[in-house]
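Undergrad: Handing you a structure now.
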Amino acid sequence: MIDSEAPRTNDGDKVRIAIIGGGIVGVVTALGLLKRNINVELYEQAGSLREIGAGLAFTTNAQRCMELLDPKILAALKAVSTRNLIPHYIYVDGFHCESDAPNDISEKELFQVYAGDTGFDSCHRAHFLDELWAVFDTYDHPAPAFSVGRVCIAGDAAHASSPHLGASAGFGVEDALALGTVMEQAATTLRAGGAAKDVVLSAAFRAYDTVRRERAQWLVRSSRQVCKTYEWANPDCGDDPDKCLKDIERRAHKIWYFDIDGMVRDAESAYHKFMQV
């Protein structure tokens with residue numbers, strides 16, 4: 001969650017942003033804002049950054065966001081990640097065993113999804129808590145808005161997703177780039193003078209909501225839905241590998257081939273539109 005300091009006076013370019021939560025999205029957003037010379041205070045309730053969560057994979061579009069936010073973020077990922085060396089996701093039949101041998105753990109390959117040049121880098125974020133992993137998402141209760149006035153939410157606070165598409169963290173990085181973009185516009189407006197801080201910040205966060213909410217909430221829905229495809233419970237696919245492949249490819253390509261530069265342009269355009277209202 002991101003909040004901005006309550007305005008006392010119209011004091012020009014003195015924008016201070018408070019970020020609540022020191023997870024991946026909170027830290028990445030903070031670094032992106034600092035790169036843009038915007039004052040940030042990061043708050044985290046934990047006394048130490050202990051290991052929680054699971055492994056993460058960041059596709060090329062998420063890495064492009066990192067680079068645009070601050071090249072140091074991408075460098076940090078590369079320092080701890082492993083690059084996928086095979087340009088395919090391989091899906092196997094985990095339901096049936098074609099061998100009577102008790103120690104045979106081989107699985108029949110069903111299909112592959114070609115990742116092409118998108119690829120991904122994966123890293124270990126934390127360990128499972130014992131053998132129990134509770135999955136929480138916002139499928140049943142989507143946020144009606146990602147911003148209200150001078151407060152906005154991002155990352156899991158805005159669109160917590162089940163892990164079945166492996167893109168929630170990457171979408172949070174997209175959020176961070178959108179926030180960095182609109183806050184840079186807001187800071188420029190305040191330096192020019194003549195606009196109230198609360199009006200400027202509200203316009204910036206509305207622009208962020210405009211470019212992020214629809215895509216992020218699609219991920220939450222799609223991640224739930226693709227789980228049914230994985231388990232052959234999707235009535236549109238059943239246990240037909242070809243239909244499953246098409247369903248998974250359609251969802252994966254919407255994640256991988258997102259127009260990052262277009263999002264940045266749309267965020268800037270939306271900000272200026274809201275400033276004219």
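By convention here, the chains of the structure tokens are called A, B, ... in the order presented, each chain's residues are numbered starting at 1, and ligands are numbered starting at 1 in the order presented.
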Need to verify the contact set: A:His88, 9 Å, only C-alpha atoms, exclusion of same-chain residues closer than 5 positions in sequence. Can you return it as a count of residues only?
TA: 6
Undergrad: When you look at A:Val199 with a cut-off of 10 Å (counting only C-alpha atoms), what residues show up, excluding the ones that are within fewer than 6 positions of it in the same chain? I need them as a list of chain:residue names.
TA: A:Gly149, A:Arg150, A:Ala186, A:Phe274, A:Met275
Undergrad: Report, in Å with one decimal, the straight-line distance from atom CA of A:Leu31 to atom CA of A:Asp117.
TA: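 Pair atom CA of A:Leu31 / atom CA of A:Asp117 returns 27.1 Å.
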Undergrad: With a distance cut-off of 7 Å and only C-alpha atoms, select the neighbouring residues of A:Asp121, excluding the residue or stretch itself and same-chain residues fewer than 5 positions from it, and output the selection as a list in words.
TA: Ala57, Phe58, Thr59, Ser81, Thr82, Arg83 and Asn84 of chain A
Undergrad: If we count only C-alpha atoms and set the cut-off at 12 Å, which residues sit around A:Val80, ignoring sequence neighbours fewer than 4 positions away in its own chain? Please answer as a list in words.
TA: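 The filter keeps Gly55, Leu56, Ala57, Ile73, Leu74, Ala75, Ala76, Asp121, Ser122, Cys123, His124 and Arg125 of chain A.
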Undergrad: Given the selection you just returned, output its residues as a file containing N, CA and C atoms, formatted as a PDB file, in the first residue's frame.
TA:
```pdb
ATOM      1  N   GLY A  55       9.567 -20.078  -4.429  1.00  0.00           N
ATOM      2  CA  GLY A  55      10.413 -19.660  -5.528  1.00  0.00           C
ATOM      3  C   GLY A  55       9.652 -18.743  -6.478  1.00  0.00           C
ATOM      4  N   LEU A  56      10.371 -17.897  -7.162  1.00  0.00           N
ATOM      5  CA  LEU A  56       9.757 -16.926  -8.072  1.00  0.00           C
ATOM      6  C   LEU A  56      10.397 -17.027  -9.446  1.00  0.00           C
ATOM      7  N   ALA A  57       9.611 -16.729 -10.476  1.00  0.00           N
ATOM      8  CA  ALA A  57      10.133 -16.659 -11.843  1.00  0.00           C
ATOM      9  C   ALA A  57       9.704 -15.334 -12.453  1.00  0.00           C
ATOM     10  N   ILE A  73      18.044  -2.807 -10.068  1.00  0.00           N
ATOM     11  CA  ILE A  73      17.080  -3.836  -9.664  1.00  0.00           C
ATOM     12  C   ILE A  73      17.291  -5.088 -10.498  1.00  0.00           C
ATOM     13  N   LEU A  74      17.426  -4.906 -11.811  1.00  0.00           N
ATOM     14  CA  LEU A  74      17.661  -6.040 -12.695  1.00  0.00           C
ATOM     15  C   LEU A  74      19.000  -6.701 -12.376  1.00  0.00           C
ATOM     16  N   ALA A  75      20.004  -5.896 -12.085  1.00  0.00           N
ATOM     17  CA  ALA A  75      21.319  -6.449 -11.739  1.00  0.00           C
ATOM     18  C   ALA A  75      21.234  -7.302 -10.480  1.00  0.00           C
ATOM     19  N   ALA A  76      20.412  -6.861  -9.527  1.00  0.00           N
ATOM     20  CA  ALA A  76      20.249  -7.626  -8.289  1.00  0.00           C
ATOM     21  C   ALA A  76      19.601  -8.977  -8.563  1.00  0.00           C
ATOM     22  N   ASP A 121      13.889 -15.814 -15.637  1.00  0.00           N
ATOM     23  CA  ASP A 121      14.901 -16.044 -14.612  1.00  0.00           C
ATOM     24  C   ASP A 121      14.166 -16.406 -13.331  1.00  0.00           C
ATOM     25  N   SER A 122      14.623 -17.447 -12.659  1.00  0.00           N
ATOM     26  CA  SER A 122      13.974 -17.869 -11.428  1.00  0.00           C
ATOM     27  C   SER A 122      14.947 -17.776 -10.266  1.00  0.00           C
ATOM     28  N   CYS A 123      14.393 -17.507  -9.082  1.00  0.00           N
ATOM     29  CA  CYS A 123      15.227 -17.389  -7.896  1.00  0.00           C
ATOM     30  C   CYS A 123      14.480 -17.956  -6.698  1.00  0.00           C
ATOM     31  N   HIS A 124      15.216 -18.305  -5.660  1.00  0.00           N
ATOM     32  CA  HIS A 124      14.623 -18.860  -4.449  1.00  0.00           C
ATOM     33  C   HIS A 124      14.325 -17.735  -3.470  1.00  0.00           C
ATOM     34  N   ARG A 125      13.045 -17.513  -3.194  1.00  0.00           N
ATOM     35  CA  ARG A 125      12.686 -16.446  -2.259  1.00  0.00           C
ATOM     36  C   ARG A 125      12.598 -16.966  -0.832  1.00  0.00           C
TER      37      ARG A 125
END
```
Undergrad: Show which residues sit within 12 Å of A:Asp259, as a list of chain:residue names. Count only C-alpha atoms, and ignore same-chain residues fewer than 3 positions away.
TA: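 Near A:Asp259, the qualifying residues are A:Thr60, A:Asn61, A:Ala62, A:Arg64, A:Cys65, A:Glu174, A:Val211, A:Arg215, A:His253, A:Lys254, A:Ile255, A:Trp256, A:Gly262, A:Met263, A:Val264, A:Arg265, A:Asp266.
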Undergrad: Considering only strand (DSSP E or B) as DSSP defines it on the backbone, what residues of stretch 19-63 of chain A qualify? List them as a ChimeraX atom specification.
TA: /A:19-20,39-43,56-59
Undergrad: Restricted to all heavy atoms, what would the selected residues look like written as a compact mmCIF listing (two decimals), in the first residue's frame?
TA:
```txt
# COMPACT_ATOMS: atom_id res chain seq x y z
N ILE A 19 5.55 3.91 1.83
CA ILE A 19 5.22 2.60 1.29
C ILE A 19 5.08 1.63 2.46
O ILE A 19 6.00 1.47 3.26
CB ILE A 19 6.31 2.11 0.31
CG1 ILE A 19 6.42 3.07 -0.88
CG2 ILE A 19 6.02 0.69 -0.16
CD1 ILE A 19 7.49 2.68 -1.88
N ILE A 20 3.91 1.01 2.56
CA ILE A 20 3.63 0.09 3.66
C ILE A 20 3.86 -1.33 3.17
O ILE A 20 3.10 -1.85 2.35
CB ILE A 20 2.19 0.25 4.17
CG1 ILE A 20 1.83 1.73 4.34
CG2 ILE A 20 1.99 -0.53 5.45
CD1 ILE A 20 2.72 2.47 5.30
N ASN A 39 11.17 11.41 -2.64
CA ASN A 39 11.44 10.98 -1.27
C ASN A 39 10.52 9.83 -0.87
O ASN A 39 9.30 9.89 -1.10
CB ASN A 39 11.25 12.15 -0.30
CG ASN A 39 12.30 13.22 -0.47
OD1 ASN A 39 13.43 12.93 -0.82
ND2 ASN A 39 11.92 14.47 -0.25
N VAL A 40 11.08 8.79 -0.26
CA VAL A 40 10.33 7.59 0.09
C VAL A 40 10.68 7.16 1.51
O VAL A 40 11.85 7.23 1.92
CB VAL A 40 10.66 6.42 -0.87
CG1 VAL A 40 9.93 5.15 -0.43
CG2 VAL A 40 10.27 6.77 -2.29
N GLU A 41 9.68 6.73 2.26
CA GLU A 41 9.88 6.06 3.53
C GLU A 41 9.20 4.70 3.44
O GLU A 41 8.01 4.61 3.12
CB GLU A 41 9.32 6.88 4.70
CG GLU A 41 10.08 8.18 4.93
CD GLU A 41 9.59 8.91 6.15
OE1 GLU A 41 8.79 8.34 6.92
OE2 GLU A 41 10.00 10.07 6.34
N LEU A 42 9.95 3.65 3.72
CA LEU A 42 9.45 2.28 3.60
C LEU A 42 9.21 1.71 4.99
O LEU A 42 10.10 1.71 5.83
CB LEU A 42 10.48 1.42 2.84
CG LEU A 42 10.16 -0.05 2.62
CD1 LEU A 42 8.93 -0.21 1.74
CD2 LEU A 42 11.34 -0.77 1.98
N TYR A 43 7.98 1.21 5.22
CA TYR A 43 7.61 0.67 6.53
C TYR A 43 7.34 -0.83 6.41
O TYR A 43 6.64 -1.27 5.50
CB TYR A 43 6.35 1.36 7.05
CG TYR A 43 6.54 2.84 7.34
CD1 TYR A 43 6.34 3.79 6.33
CD2 TYR A 43 6.93 3.26 8.59
CE1 TYR A 43 6.53 5.14 6.59
CE2 TYR A 43 7.12 4.62 8.87
CZ TYR A 43 6.92 5.55 7.85
OH TYR A 43 7.11 6.89 8.10
N LEU A 56 10.37 -17.90 -7.16
CA LEU A 56 9.76 -16.93 -8.07
C LEU A 56 10.40 -17.03 -9.45
O LEU A 56 11.58 -17.34 -9.57
CB LEU A 56 9.94 -15.51 -7.55
CG LEU A 56 9.34 -15.19 -6.17
CD1 LEU A 56 9.75 -13.78 -5.75
CD2 LEU A 56 7.83 -15.31 -6.22
N ALA A 57 9.61 -16.73 -10.48
CA ALA A 57 10.13 -16.66 -11.84
C ALA A 57 9.70 -15.33 -12.45
O ALA A 57 8.54 -14.95 -12.35
CB ALA A 57 9.61 -17.83 -12.68
N PHE A 58 10.64 -14.63 -13.08
CA PHE A 58 10.36 -13.35 -13.70
C PHE A 58 10.59 -13.45 -15.20
O PHE A 58 11.71 -13.73 -15.65
CB PHE A 58 11.25 -12.26 -13.10
CG PHE A 58 10.93 -11.94 -11.66
CD1 PHE A 58 11.66 -12.52 -10.64
CD2 PHE A 58 9.90 -11.08 -11.34
CE1 PHE A 58 11.38 -12.24 -9.32
CE2 PHE A 58 9.60 -10.79 -10.02
CZ PHE A 58 10.34 -11.37 -9.01
N THR A 59 9.54 -13.20 -15.97
CA THR A 59 9.64 -13.25 -17.42
C THR A 59 10.32 -12.00 -17.95
O THR A 59 10.60 -11.06 -17.20
CB THR A 59 8.26 -13.40 -18.06
OG1 THR A 59 7.41 -12.34 -17.60
CG2 THR A 59 7.63 -14.73 -17.69
```
Undergrad: Near stretch 143-146 of chain A, counting only C-alpha atoms, which residues have an atom at most 10 Å away, once you skip same-chain residues fewer than 6 positions from it, shown as a ChimeraX atom specification?
TA: /A:1,152-154,157-159,205-206,208-210,212-214,217
Undergrad: Using DSSP assignments from the backbone, pull out every residue in stretch 132-185 of chain A that falls under alpha helix (DSSP H) and give it to me as number ranges by chain.
TA: A: 156-159, 168-185
Undergrad: Just give me the gap between atom CA of A:Ala203 and atom CA of A:Tyr271 in Å, one decimal is fine.
TA: 5.8 Å
Undergrad: Between atom CA of A:Gln63 and atom CA of A:Phe258, measure the distance and give it in Å to one decimal.
TA: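 These atoms are spaced 12.1 Å apart.
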